[in-house]
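Each remark here refers to the structure printed beneath this line.
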Amino acid sequence: MSAYRLPGLAGAWIDRSQKLNFNFDGRALQGYSGDTLASALLATGSMHVARSFKLHRPRGIFSCGIEEPNGLFEIGDDARRTPNTRATDINLYEGLVARPGNVWPSLKFDILSINNYFAGLLPAGFYYKTFMWPAWRLFEPAIRRAAGLGHAADPHSGSDPDRYDELSMNAHTLVVGGGVAGMQAALDAADAGHDVLLMEGQSQLGGWTAAQGEAARTQIATLAGQIEKAGVRVVTACTVIGLYDHQFVSAVQVLDENGQTRERLWKMRVAQIVLACGAFERPMLFPDNDRPGVMLASAVQRYAELYGVACGRRVLLTAACDSAYGVAHSLMAAGIEVAAIIDHRDETAAQAPTGVPVYRSSAIVSVKGGQEVTGVTVISHDGLHRQEILVDCIAVAGGWTPAVNLYSMAGGSLQWDERSSMFAPSKDLPGITVVGACAGKLDVGWVPADNRPTPVALSALGQIPGKIFIDLQNDVAASDVALAAQENFRSVEHLKRYTTMGMATDQGKTSNVNAIVLMGALTQRTPPQVGTTKFRPPFKPVTINTIAGGRSGERFKPLKRMPGHDWHTERGGLFEDFGGWLRPAAYPIQGESLEQAAQREAFQVRQTVGLFEGSPLGKIEVFGPDAADFLDLMYVGTMSTLPVGGARYGILINENGVVFDDGIVARLAPDHFWVNTTSGGVERVVLAFEEWLQCEYVNHRVLVTPVTSAWGNVTVSGPKAWALLERAGFDATLAPGAMKHMTIRDIDHAGTRMRVLRASFNGELGYEINLPAQETSSLIDRLWDLGHDLGVVPYGIEALMVMRTEKGFLHVGGDTDGTTLPGDIGMDRGIAKKAANFVGRRSLLRPASLDASRMQLVGLIPVDRKTLLPVGAHVVAPPGPPGLIDGFVTSSHPSPNLGHPVALAMLQRGRARVGEIITVHHLGKAIDAQVVATPFFDPQGERLNGRD
Amino acid sequence: MMQIQCPWCGPRAANEFHCGGTTAISRPQLDCDDATWGRYLFFRENPKGSHAERWRHTFGCGQWFNVRRNTVSHEVDAVYGITEPAPRSEP
């Protein structure tokens with residue numbers, strides 16, 4: 001036990017009158033309102049609180065901010081369980097539950113700490129060298145299970161129940177960071193008349209200065225009052241996580257854990273960004289510098305000043321930087337004993353507090369204590385002077401690293417400052433200025449780049465020194481950097497990826513610079529010669545639901561409902577998502593499965609009459625003097641020769657010749673066409689038409705208007721289709737004898753305007769009745785009521801797919817893919833005669849398009865007339881797999897009307913192979929099938945005219 | 001996230017738009033050879049720097065227009081009509 005809560009009123013940010021209960025690693029503990037989880041844990045004396053990622057070494061809280069690399073815990077239970085959370089970045093709340101994420105069976109006796117003894121087998125890149133024989137995959141599961149720092153929420157506990165918000169806000173100036181530099185910049189901008197937004201990641205303003213004593217805090221309060229009076233909008237507990245193009249910024253605001261909204265994502269576009277993000281303290285490098293009790297000096301100061309926590313009873317400072325001296329004064333003033341200052345440098349102007357010895361030109365070479373620091377051995381650089389000092393906290397001050405993450409995201413380049421050994425922004429960017437410590441404006445005296453003990457001092461120790469850690473979170477040691485240098489992974493990008501330094505969730509905030517300096521020292525290069533890697537958003541880990549902004553579950557994707565939705569529900573429709581529309585796949589009755597219902601419906605429709613809602617079918621009105629000419633340009637076929645009232649099936653190809661949509665085009669008037677597309681494709685067809693009209697055929701006088709949702713579509717098909725419509729009072733001019741197949745009529749039926757198209761996707765006599773969407777329900781209701789004794793049946797998408805497959809009709813996207821040309825599906829007959837150019841025409845003349853061995857769409861029937869051919873099953877050249885692909889099955893259904901399965905397939909030179917027996921392969925099974933011409937059912941198309 | 005100046009709707013977030021790639025490309029005639037047609041379909045310059053491209057304001061007015069953008073800095077130095085020639089760039 002070493003850390004403790006300071007008595008009296010120490011701790012400017014805590015409220016000692018409000019106790020909070022929390023649980024850590026199964027222990028019930030208490031803290032104060034204003035504590036972070038880290039400060040509350042330290043206050044209870046818990047130094048050893050975690051185990052490291054790879055080697056499972058004991059670890060303790062290292063920092064007092066978002067840069068924390070050690071104190072990562074699993075927080076919460078069930079659906080709220082969150083792994084890898086920094087204890088320094090969570091404000092304590094009543095009932096908080098936290099546990100180390102990667103220990104078993106306990107923190108004190110973690111089995112995987114034996115990894116430490118096998119550290120030699122686990123250097124950087126070990127997975128390329130060890131555990132390779134006999135096969136990596138034998139070791140991988142165990143190694144993967146051993147990795148990680150906690151478990152994500154169990155999917156069985158349900159989805160995240162918390163609410164997340166999103167907020168868009170513009171401002172003229174955004175100041176990132178509410179320390180003194182940021183507050184001053186905000187004040188300046190507000191005084192200049194700008195609309196200013198100031199964001200601070202901690203729960204209070206003040207930054208580094210807040211921990212510099214009471215007088216400093218008074219100054220901060222005054223400044224805070226001034227900025228409030230100047231109209232600056234201040235948001236705390238809000239961390240800017242990303243900086244993007246054109247001054248776009250995102251930030252995450254953490255709200256009350258037990259409140260209504262948990263976190264809020266801010267999205268902002270601003271004219272001016274001021275980066276006042278401060279700087280991270282650089283650790284000192286010495287053997288076993290990862291022991292619990294080793295902490296950043298500024299953190300030890302911050303815990304004392306703001307949280308009233310002493311991180312040790314006897315604190316040792318080890319420094320390469322003047323800032324350590326200020327910390328020593330602070331700690332003494334708080335009543336915390338400072339054992340000594342070990343200064344790497346031989347001289348400095350900074351003064352130690354009275355009574356505190358300073359050992360210059362020296363370094364720590366050994367740390368005592370297994371699970372917590374108990375003492376150190378210090379040896380001078382020349383190896384001649386040795387001290388053994390008893391301490392329980394080592395405060396390290398290796399220098400400062402400006403927090404250039406956001407600056408780097410904006411594309412800024414860094415320059416190395418020789419004197420203070422830091423990478424700082426080289427210059428302001430358009431719309432972005434950098435101020436304060438973030439800009440490298442720190443006076444901390446001379447700071448040596450490399451602060452390791454000298455080889456002479458290490459050998460004077462007389463025993464093998466412990467590991468020097470560079471990246472605490474990923475367990476990367478100096479020996480790993482040396483290995484990377486030795487194996488020629490010398491570039492900074494290789495250094496990072498080979499050793500994984502800087503790749504943990506802290507993105508190397510406390511490790512990048514030390515690693516770069518060390519690599520430089522090992523390869524006779526300066527730090528700027530080694531270079532830096534780029535930072536990418538997010539600046540700190542973000543809850544995924546915050547990014548989603550609540551768009552999950554039902555709100556993930558809007559689903560469209562058909563106008564007749566209620567009727568389908570009443571009929572027992574089994575709804576599924578078809579191209580973004582909620583449509584009945586089938587209407588199962590009396591415990592039927594989906595497949596059984598589809599088979600029954602497909603049979604029944606061909607016996608009597610079926611009702612289907614085709615409202616999602618794309619509908620476009622193409623209008624204008626040049627509409628006919630335009631459609632000839634768009635379609636493979638010719639539309640300009642359509643008589644008024646006529647309709648024709650059309651295929652659309654892209655410039656590469658590939659089929660991307662199909663549908664019926666009908667002519668309502670010389671200059672007015674009614675264009676149907678696939679249900680999922682209307683948007684892309686409209687966009688294609690618009691692109692040609694706006695960018696290429698700019699002189700064509702054509703209007704393209706999508707009207708899919710304005711018109712409902714009730715499809716009546718089957719032998720008794722006309723009998724049903726006649727009963728409903730439709731005019732005799734629509735009877736099959738009077739109205740030809742593939743014609744369209746504009747009619748008025750009982751006061752409602754309708755466009756009736758005689759067309760068929762299932763091969764039966766069919767009428768597609770287009771009418772105002774709001775009338776759909778009443779028509780389909782009426783037809784259902786009138787059709788009972790005719791045997792009317794509702795049928796869904798599955799039944800439709802069965803029937804259209806029986807007819808060998810194409811399903812774009814099902815039977816076609818990104819390579820299918822019109823000739824492959826037998827739709828190229830009219831092309832030679834078509835004089836007009838059309839989109840993609842040139843591509844159909846390429847050698848690959850004319851290649852006779854191309855795949856062609858054919859029918860397949862299994863030889864045994866029983867086995868269903870699986871969709872995606874492949875035809876392979878003899879003797880079978882593995883081998884060259886000859887074809888594959890694209891559609892396949894049992895046919896209730898024929899009594900055997902039917903399938904469509906793409907097959908090389910398919911049309912020339914009708915009659916051939918081929919073998920279809922699927923997951924080790926081989927099924928013989930015969931190539932046949934389609935349609936399978938009613939090949940002459942006689943059923944189109946109905947009967948009775 | 002970039003901001004694009006739609007000539008009709010004003011400055012909008014890039015996710016309201018669709019980028020149609022390089023603009024002012026001449027389509028070869030129907031009687032061109034296969035290599036020419038292939039180059040037209042599949043080959044594009046990928047300049048590091050100034051790039052004239054066309055954008056469509058899909059979730060807005062639906063109109064196509066031209067933009068000249070620097071592919072490295074994303075700085076836009078010209079926005080002009082789809083049938084207009086590119087304005088002269090600043091020296």
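Ligands are numbered from 1 in the order shown, chains are lettered A, B, ... in the order of the structure tokens, and residues start at 1 in each chain.
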Within 6 Å of chain B: residues of chain A, using only C-alpha atoms, as a VMD selection string: chain A and resid 244 to 246 842
If you keep all heavy atoms, can you produce a file of those selected residues as a PDB file, in the first residue's frame?
ATOM      1  N   TYR A 244     -11.158  16.669 -40.656  1.00  0.00           N
ATOM      2  CA  TYR A 244     -11.291  16.144 -42.011  1.00  0.00           C
ATOM      3  C   TYR A 244     -11.212  17.269 -43.024  1.00  0.00           C
ATOM      4  O   TYR A 244     -10.936  18.413 -42.685  1.00  0.00           O
ATOM      5  CB  TYR A 244     -12.612  15.376 -42.121  1.00  0.00           C
ATOM      6  CG  TYR A 244     -12.822  14.367 -41.008  1.00  0.00           C
ATOM      7  CD1 TYR A 244     -13.450  14.733 -39.822  1.00  0.00           C
ATOM      8  CD2 TYR A 244     -12.368  13.058 -41.137  1.00  0.00           C
ATOM      9  CE1 TYR A 244     -13.625  13.815 -38.796  1.00  0.00           C
ATOM     10  CE2 TYR A 244     -12.550  12.137 -40.115  1.00  0.00           C
ATOM     11  CZ  TYR A 244     -13.175  12.516 -38.956  1.00  0.00           C
ATOM     12  OH  TYR A 244     -13.354  11.618 -37.940  1.00  0.00           O
ATOM     13  N   ASP A 245     -11.519  16.934 -44.290  1.00  0.00           N
ATOM     14  CA  ASP A 245     -11.375  17.923 -45.353  1.00  0.00           C
ATOM     15  C   ASP A 245     -12.262  19.140 -45.144  1.00  0.00           C
ATOM     16  O   ASP A 245     -13.337  19.055 -44.564  1.00  0.00           O
ATOM     17  CB  ASP A 245     -11.777  17.281 -46.691  1.00  0.00           C
ATOM     18  CG  ASP A 245     -10.914  16.077 -47.007  1.00  0.00           C
ATOM     19  OD1 ASP A 245      -9.695  16.172 -46.838  1.00  0.00           O
ATOM     20  OD2 ASP A 245     -11.486  15.051 -47.422  1.00  0.00           O
ATOM     21  N   HIS A 246     -11.815  20.239 -45.698  1.00  0.00           N
ATOM     22  CA  HIS A 246     -12.627  21.465 -45.726  1.00  0.00           C
ATOM     23  C   HIS A 246     -13.167  21.829 -44.351  1.00  0.00           C
ATOM     24  O   HIS A 246     -14.339  22.171 -44.217  1.00  0.00           O
ATOM     25  CB  HIS A 246     -13.781  21.319 -46.733  1.00  0.00           C
ATOM     26  CG  HIS A 246     -13.303  21.114 -48.148  1.00  0.00           C
ATOM     27  ND1 HIS A 246     -14.169  20.817 -49.176  1.00  0.00           N
ATOM     28  CD2 HIS A 246     -12.074  21.140 -48.698  1.00  0.00           C
ATOM     29  CE1 HIS A 246     -13.475  20.695 -50.305  1.00  0.00           C
ATOM     30  NE2 HIS A 246     -12.208  20.876 -50.038  1.00  0.00           N
ATOM     31  N   ARG A 842     -20.952  -0.180 -79.037  1.00  0.00           N
ATOM     32  CA  ARG A 842     -19.577  -0.461 -79.470  1.00  0.00           C
ATOM     33  C   ARG A 842     -18.993  -1.650 -78.712  1.00  0.00           C
ATOM     34  O   ARG A 842     -18.231  -2.449 -79.254  1.00  0.00           O
ATOM     35  CB  ARG A 842     -18.714   0.802 -79.265  1.00  0.00           C
ATOM     36  CG  ARG A 842     -17.266   0.643 -79.663  1.00  0.00           C
ATOM     37  CD  ARG A 842     -17.132   0.323 -81.137  1.00  0.00           C
ATOM     38  NE  ARG A 842     -15.760   0.068 -81.534  1.00  0.00           N
ATOM     39  CZ  ARG A 842     -15.128  -1.097 -81.368  1.00  0.00           C
ATOM     40  NH1 ARG A 842     -15.754  -2.096 -80.760  1.00  0.00           N
ATOM     41  NH2 ARG A 842     -13.879  -1.240 -81.767  1.00  0.00           N
TER      42      ARG A 842
END
Residues near stretch 908-921 of chain A, anyone? I mean within 12 Å using only C-alpha atoms, not counting same-chain ones fewer than 4 positions away, as an mmCIF file with N, CA, C and O atoms, in the first residue's frame.
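Saved as part02.cif:
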data_model
loop_
_atom_site.group_PDB
_atom_site.id
_atom_site.type_symbol
_atom_site.label_atom_id
_atom_site.label_comp_id
_atom_site.auth_asym_id
_atom_site.auth_seq_id
_atom_site.Cartn_x
_atom_site.Cartn_y
_atom_site.Cartn_z
ATOM 1 N N GLY A 823 -26.358 -10.811 -75.882
ATOM 2 C CA GLY A 823 -26.272 -12.062 -76.630
ATOM 3 C C GLY A 823 -26.246 -13.279 -75.720
ATOM 4 O O GLY A 823 -26.735 -14.350 -76.083
ATOM 5 N N ASP A 824 -25.701 -13.137 -74.529
ATOM 6 C CA ASP A 824 -25.597 -14.259 -73.600
ATOM 7 C C ASP A 824 -26.984 -14.729 -73.167
ATOM 8 O O ASP A 824 -27.163 -15.883 -72.803
ATOM 9 N N ILE A 825 -27.936 -13.806 -73.135
ATOM 10 C CA ILE A 825 -29.292 -14.166 -72.717
ATOM 11 C C ILE A 825 -30.236 -14.183 -73.914
ATOM 12 O O ILE A 825 -31.452 -14.115 -73.765
ATOM 13 N N GLY A 826 -29.689 -14.250 -75.099
ATOM 14 C CA GLY A 826 -30.509 -14.419 -76.288
ATOM 15 C C GLY A 826 -31.298 -13.186 -76.685
ATOM 16 O O GLY A 826 -32.352 -13.291 -77.306
ATOM 17 N N LEU A 850 -17.909 -11.187 -78.946
ATOM 18 C CA LEU A 850 -18.335 -12.032 -80.078
ATOM 19 C C LEU A 850 -17.803 -13.456 -79.926
ATOM 20 O O LEU A 850 -18.083 -14.308 -80.761
ATOM 21 N N ASP A 851 -17.072 -13.690 -78.849
ATOM 22 C CA ASP A 851 -16.469 -15.002 -78.628
ATOM 23 C C ASP A 851 -17.543 -16.079 -78.540
ATOM 24 O O ASP A 851 -18.470 -16.000 -77.727
ATOM 25 N N ALA A 852 -17.440 -17.096 -79.381
ATOM 26 C CA ALA A 852 -18.480 -18.136 -79.461
ATOM 27 C C ALA A 852 -18.528 -18.993 -78.204
ATOM 28 O O ALA A 852 -19.539 -19.651 -77.933
ATOM 29 N N SER A 853 -17.472 -19.020 -77.421
ATOM 30 C CA SER A 853 -17.500 -19.881 -76.240
ATOM 31 C C SER A 853 -18.020 -19.149 -75.016
ATOM 32 O O SER A 853 -17.878 -19.624 -73.901
ATOM 33 N N ARG A 854 -18.661 -18.000 -75.205
ATOM 34 C CA ARG A 854 -19.227 -17.282 -74.065
ATOM 35 C C ARG A 854 -20.315 -18.122 -73.398
ATOM 36 O O ARG A 854 -20.946 -18.985 -74.006
ATOM 37 N N MET A 855 -20.567 -17.800 -72.117
ATOM 38 C CA MET A 855 -21.660 -18.465 -71.400
ATOM 39 C C MET A 855 -23.000 -17.988 -71.959
ATOM 40 O O MET A 855 -23.149 -16.819 -72.290
ATOM 41 N N GLN A 856 -23.954 -18.913 -72.045
ATOM 42 C CA GLN A 856 -25.285 -18.559 -72.514
ATOM 43 C C GLN A 856 -26.326 -19.126 -71.554
ATOM 44 O O GLN A 856 -26.119 -20.195 -70.965
ATOM 45 N N LEU A 857 -27.461 -18.444 -71.448
ATOM 46 C CA LEU A 857 -28.498 -18.872 -70.509
ATOM 47 C C LEU A 857 -29.280 -20.033 -71.105
ATOM 48 O O LEU A 857 -29.794 -19.941 -72.221
ATOM 49 N N VAL A 858 -29.328 -21.127 -70.353
ATOM 50 C CA VAL A 858 -30.052 -22.316 -70.804
ATOM 51 C C VAL A 858 -30.877 -22.878 -69.664
ATOM 52 O O VAL A 858 -30.722 -22.455 -68.519
ATOM 53 N N GLY A 859 -31.731 -23.844 -69.983
ATOM 54 C CA GLY A 859 -32.491 -24.539 -68.957
ATOM 55 C C GLY A 859 -31.792 -25.840 -68.575
ATOM 56 O O GLY A 859 -31.048 -26.408 -69.372
ATOM 57 N N LEU A 860 -32.010 -26.268 -67.335
ATOM 58 C CA LEU A 860 -31.476 -27.551 -66.886
ATOM 59 C C LEU A 860 -32.564 -28.324 -66.165
ATOM 60 O O LEU A 860 -33.340 -27.739 -65.398
ATOM 61 N N ILE A 861 -32.637 -29.637 -66.430
ATOM 62 C CA ILE A 861 -33.544 -30.497 -65.657
ATOM 63 C C ILE A 861 -32.702 -31.641 -65.106
ATOM 64 O O ILE A 861 -31.952 -32.270 -65.869
ATOM 65 N N PRO A 862 -32.779 -31.907 -63.803
ATOM 66 C CA PRO A 862 -31.981 -33.019 -63.272
ATOM 67 C C PRO A 862 -32.419 -34.330 -63.926
ATOM 68 O O PRO A 862 -33.616 -34.548 -64.141
ATOM 69 N N VAL A 863 -31.437 -35.169 -64.221
ATOM 70 C CA VAL A 863 -31.732 -36.414 -64.928
ATOM 71 C C VAL A 863 -32.702 -37.273 -64.124
ATOM 72 O O VAL A 863 -33.605 -37.895 -64.686
ATOM 73 N N ASP A 864 -32.544 -37.285 -62.787
ATOM 74 C CA ASP A 864 -33.430 -38.122 -61.981
ATOM 75 C C ASP A 864 -34.783 -37.457 -61.742
ATOM 76 O O ASP A 864 -35.649 -38.024 -61.098
ATOM 77 N N THR A 867 -33.820 -34.349 -57.912
ATOM 78 C CA THR A 867 -32.855 -33.584 -57.128
ATOM 79 C C THR A 867 -32.843 -32.118 -57.541
ATOM 80 O O THR A 867 -32.661 -31.808 -58.723
ATOM 81 N N LEU A 868 -33.058 -31.246 -56.571
ATOM 82 C CA LEU A 868 -33.029 -29.810 -56.835
ATOM 83 C C LEU A 868 -31.575 -29.381 -57.073
ATOM 84 O O LEU A 868 -30.698 -29.665 -56.271
ATOM 85 N N LEU A 869 -31.303 -28.727 -58.181
ATOM 86 C CA LEU A 869 -29.940 -28.267 -58.465
ATOM 87 C C LEU A 869 -29.674 -26.999 -57.650
ATOM 88 O O LEU A 869 -30.399 -26.029 -57.774
ATOM 89 N N PRO A 870 -28.641 -26.995 -56.822
ATOM 90 C CA PRO A 870 -28.420 -25.810 -55.971
ATOM 91 C C PRO A 870 -27.975 -24.605 -56.796
ATOM 92 O O PRO A 870 -27.136 -24.736 -57.702
ATOM 93 N N VAL A 871 -28.527 -23.429 -56.475
ATOM 94 C CA VAL A 871 -28.084 -22.208 -57.130
ATOM 95 C C VAL A 871 -26.621 -21.975 -56.778
ATOM 96 O O VAL A 871 -26.224 -22.088 -55.636
ATOM 97 N N GLY A 872 -25.816 -21.690 -57.770
ATOM 98 C CA GLY A 872 -24.395 -21.471 -57.544
ATOM 99 C C GLY A 872 -23.574 -22.716 -57.771
ATOM 100 O O GLY A 872 -22.345 -22.650 -57.826
ATOM 101 N N ALA A 873 -24.241 -23.864 -57.917
ATOM 102 C CA ALA A 873 -23.500 -25.090 -58.203
ATOM 103 C C ALA A 873 -22.837 -24.948 -59.563
ATOM 104 O O ALA A 873 -23.399 -24.357 -60.477
ATOM 105 N N HIS A 874 -21.641 -25.502 -59.721
ATOM 106 C CA HIS A 874 -20.847 -25.281 -60.924
ATOM 107 C C HIS A 874 -20.801 -26.496 -61.826
ATOM 108 O O HIS A 874 -20.805 -27.641 -61.371
ATOM 109 N N VAL A 875 -20.751 -26.213 -63.104
ATOM 110 C CA VAL A 875 -20.463 -27.241 -64.093
ATOM 111 C C VAL A 875 -18.979 -27.136 -64.383
ATOM 112 O O VAL A 875 -18.483 -26.045 -64.686
ATOM 113 N N VAL A 876 -18.246 -28.243 -64.239
ATOM 114 C CA VAL A 876 -16.791 -28.219 -64.380
ATOM 115 C C VAL A 876 -16.403 -29.158 -65.524
ATOM 116 O O VAL A 876 -16.985 -30.227 -65.665
ATOM 117 N N ALA A 877 -15.395 -28.721 -66.318
ATOM 118 C CA ALA A 877 -14.932 -29.567 -67.426
ATOM 119 C C ALA A 877 -14.516 -30.923 -66.876
ATOM 120 O O ALA A 877 -13.983 -31.016 -65.768
ATOM 121 N N PRO A 878 -14.760 -32.009 -67.636
ATOM 122 C CA PRO A 878 -14.380 -33.340 -67.165
ATOM 123 C C PRO A 878 -12.882 -33.394 -66.865
ATOM 124 O O PRO A 878 -12.116 -32.690 -67.519
ATOM 125 N N PRO A 879 -12.415 -34.152 -65.910
ATOM 126 C CA PRO A 879 -13.187 -35.129 -65.129
ATOM 127 C C PRO A 879 -13.881 -34.565 -63.886
ATOM 128 O O PRO A 879 -14.365 -35.323 -63.086
ATOM 129 N N GLY A 880 -13.901 -33.309 -63.684
ATOM 130 C CA GLY A 880 -14.573 -32.762 -62.512
ATOM 131 C C GLY A 880 -13.641 -31.878 -61.705
ATOM 132 O O GLY A 880 -12.489 -31.677 -62.074
ATOM 133 N N PRO A 881 -14.127 -31.340 -60.572
ATOM 134 C CA PRO A 881 -13.324 -30.395 -59.810
ATOM 135 C C PRO A 881 -12.071 -31.076 -59.267
ATOM 136 O O PRO A 881 -12.121 -32.254 -58.935
ATOM 137 N N PRO A 882 -10.932 -30.352 -59.083
ATOM 138 C CA PRO A 882 -10.777 -28.980 -59.556
ATOM 139 C C PRO A 882 -10.577 -28.950 -61.070
ATOM 140 O O PRO A 882 -9.949 -29.835 -61.643
ATOM 141 N N GLY A 883 -11.131 -27.951 -61.713
ATOM 142 C CA GLY A 883 -10.995 -27.880 -63.159
ATOM 143 C C GLY A 883 -11.569 -26.578 -63.681
ATOM 144 O O GLY A 883 -12.035 -25.747 -62.902
ATOM 145 N N LEU A 884 -11.532 -26.416 -64.984
ATOM 146 C CA LEU A 884 -12.031 -25.181 -65.586
ATOM 147 C C LEU A 884 -13.552 -25.127 -65.480
ATOM 148 O O LEU A 884 -14.243 -26.126 -65.661
ATOM 149 N N ILE A 885 -14.057 -23.939 -65.196
ATOM 150 C CA ILE A 885 -15.499 -23.779 -65.033
ATOM 151 C C ILE A 885 -16.171 -23.742 -66.397
ATOM 152 O O ILE A 885 -15.761 -23.003 -67.287
ATOM 153 N N ASP A 886 -17.224 -24.537 -66.514
ATOM 154 C CA ASP A 886 -17.980 -24.634 -67.759
ATOM 155 C C ASP A 886 -19.280 -23.849 -67.640
ATOM 156 O O ASP A 886 -19.863 -23.444 -68.640
ATOM 157 N N GLY A 887 -19.760 -23.656 -66.411
ATOM 158 C CA GLY A 887 -21.020 -22.947 -66.200
ATOM 159 C C GLY A 887 -21.447 -23.015 -64.755
ATOM 160 O O GLY A 887 -20.742 -23.593 -63.929
ATOM 161 N N PHE A 888 -22.594 -22.396 -64.440
ATOM 162 C CA PHE A 888 -23.106 -22.437 -63.065
ATOM 163 C C PHE A 888 -24.613 -22.200 -63.076
ATOM 164 O O PHE A 888 -25.156 -21.548 -63.970
ATOM 165 N N VAL A 889 -25.263 -22.729 -62.039
ATOM 166 C CA VAL A 889 -26.732 -22.632 -61.922
ATOM 167 C C VAL A 889 -27.089 -21.267 -61.365
ATOM 168 O O VAL A 889 -26.513 -20.818 -60.378
ATOM 169 N N THR A 890 -28.052 -20.574 -61.999
ATOM 170 C CA THR A 890 -28.420 -19.227 -61.550
ATOM 171 C C THR A 890 -29.799 -19.170 -60.891
ATOM 172 O O THR A 890 -30.036 -18.331 -60.040
ATOM 173 N N ALA A 903 -34.306 -25.547 -63.594
ATOM 174 C CA ALA A 903 -33.239 -24.611 -63.253
ATOM 175 C C ALA A 903 -32.786 -23.863 -64.488
ATOM 176 O O ALA A 903 -32.932 -24.336 -65.618
ATOM 177 N N LEU A 904 -32.258 -22.670 -64.269
ATOM 178 C CA LEU A 904 -31.619 -21.910 -65.333
ATOM 179 C C LEU A 904 -30.138 -21.857 -65.011
ATOM 180 O O LEU A 904 -29.742 -21.818 -63.836
ATOM 181 N N LYS A 925 -20.972 -32.936 -53.896
ATOM 182 C CA LYS A 925 -21.974 -33.783 -54.555
ATOM 183 C C LYS A 925 -21.961 -33.529 -56.069
ATOM 184 O O LYS A 925 -21.738 -32.409 -56.509
ATOM 185 N N ALA A 926 -22.232 -34.562 -56.826
ATOM 186 C CA ALA A 926 -22.325 -34.435 -58.282
ATOM 187 C C ALA A 926 -23.732 -34.824 -58.717
ATOM 188 O O ALA A 926 -24.236 -35.873 -58.318
ATOM 189 N N ILE A 927 -24.373 -33.945 -59.510
ATOM 190 C CA ILE A 927 -25.750 -34.204 -59.947
ATOM 191 C C ILE A 927 -25.794 -34.101 -61.462
ATOM 192 O O ILE A 927 -25.380 -33.096 -62.036
ATOM 193 N N ASP A 928 -26.294 -35.124 -62.112
ATOM 194 C CA ASP A 928 -26.402 -35.086 -63.569
ATOM 195 C C ASP A 928 -27.646 -34.320 -63.980
ATOM 196 O O ASP A 928 -28.722 -34.463 -63.391
ATOM 197 N N ALA A 929 -27.520 -33.503 -65.034
ATOM 198 C CA ALA A 929 -28.668 -32.733 -65.517
ATOM 199 C C ALA A 929 -28.609 -32.653 -67.035
ATOM 200 O O ALA A 929 -27.541 -32.769 -67.639
ATOM 201 N N GLN A 930 -29.788 -32.453 -67.625
ATOM 202 C CA GLN A 930 -29.837 -32.336 -69.085
ATOM 203 C C GLN A 930 -30.061 -30.879 -69.472
ATOM 204 O O GLN A 930 -30.901 -30.179 -68.882
ATOM 205 N N VAL A 931 -29.326 -30.424 -70.482
ATOM 206 C CA VAL A 931 -29.512 -29.067 -70.996
ATOM 207 C C VAL A 931 -30.744 -29.059 -71.879
ATOM 208 O O VAL A 931 -30.873 -29.896 -72.782
ATOM 209 N N VAL A 932 -31.663 -28.127 -71.601
ATOM 210 C CA VAL A 932 -32.897 -28.053 -72.383
ATOM 211 C C VAL A 932 -33.161 -26.617 -72.807
ATOM 212 O O VAL A 932 -32.625 -25.671 -72.226
ATOM 213 N N ALA A 933 -34.016 -26.480 -73.847
ATOM 214 C CA ALA A 933 -34.437 -25.135 -74.230
ATOM 215 C C ALA A 933 -35.566 -24.714 -73.299
ATOM 216 O O ALA A 933 -36.277 -25.535 -72.738
ATOM 217 N N THR A 934 -35.696 -23.414 -73.109
ATOM 218 C CA THR A 934 -36.798 -22.911 -72.289
ATOM 219 C C THR A 934 -37.811 -22.240 -73.226
ATOM 220 O O THR A 934 -37.454 -21.884 -74.349
#
Counting only C-alpha atoms, figure out which residue out of A:Gly206, A:Leu687, A:Val716, A:Ser459 gets nearest to B:Phe59. A:Leu687
Among chain B, which residues does DSSP mark as strand (DSSP E) when it is run on the backbone? Keep the chain and numbering as in the structure and answer as a ChimeraX atom specification. /B:3-6,10-13,18-22,50-56,64-70,76-81
Please run DSSP on the backbone and report, as an MDAnalysis selection string, all residues within stretch 409-643 of chain A that come out as alpha helix (DSSP H). chainID A and resid 409 455:460 478:486 492:499 512:522 527:530 544:548 565:570 594:607 627:634
Atom CA of A:Phe131 to atom CA of A:Ala119, distance in Å rounded to a single decimal: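 Atom CA of A:Ala119 lies 13.5 Å from atom CA of A:Phe131.
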6 Å contact set for stretch 172-181 of chain A, only C-alpha atoms, chain neighbours under 6 positions out, as an MDAnalysis selection string: chainID A and resid 195:200 205:207 270:277 436
Residues near stretch 6-8 of chain B, cut-off 8 Å, only C-alpha atoms, skip fewer than 5 positions along chain, as an MDAnalysis selection string: chainID B and resid 57 61 65 79:80
What's around stretch 731-745 of chain A at 6 Å? Count only C-alpha atoms, leave out sequence neighbours fewer than 4 positions away in its own chain, and write the answer as a list in words.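 Those residues are Gly645, Gly646, Ala647, Arg755, Val756, Leu757, Arg758 and Ala759 of chain A.
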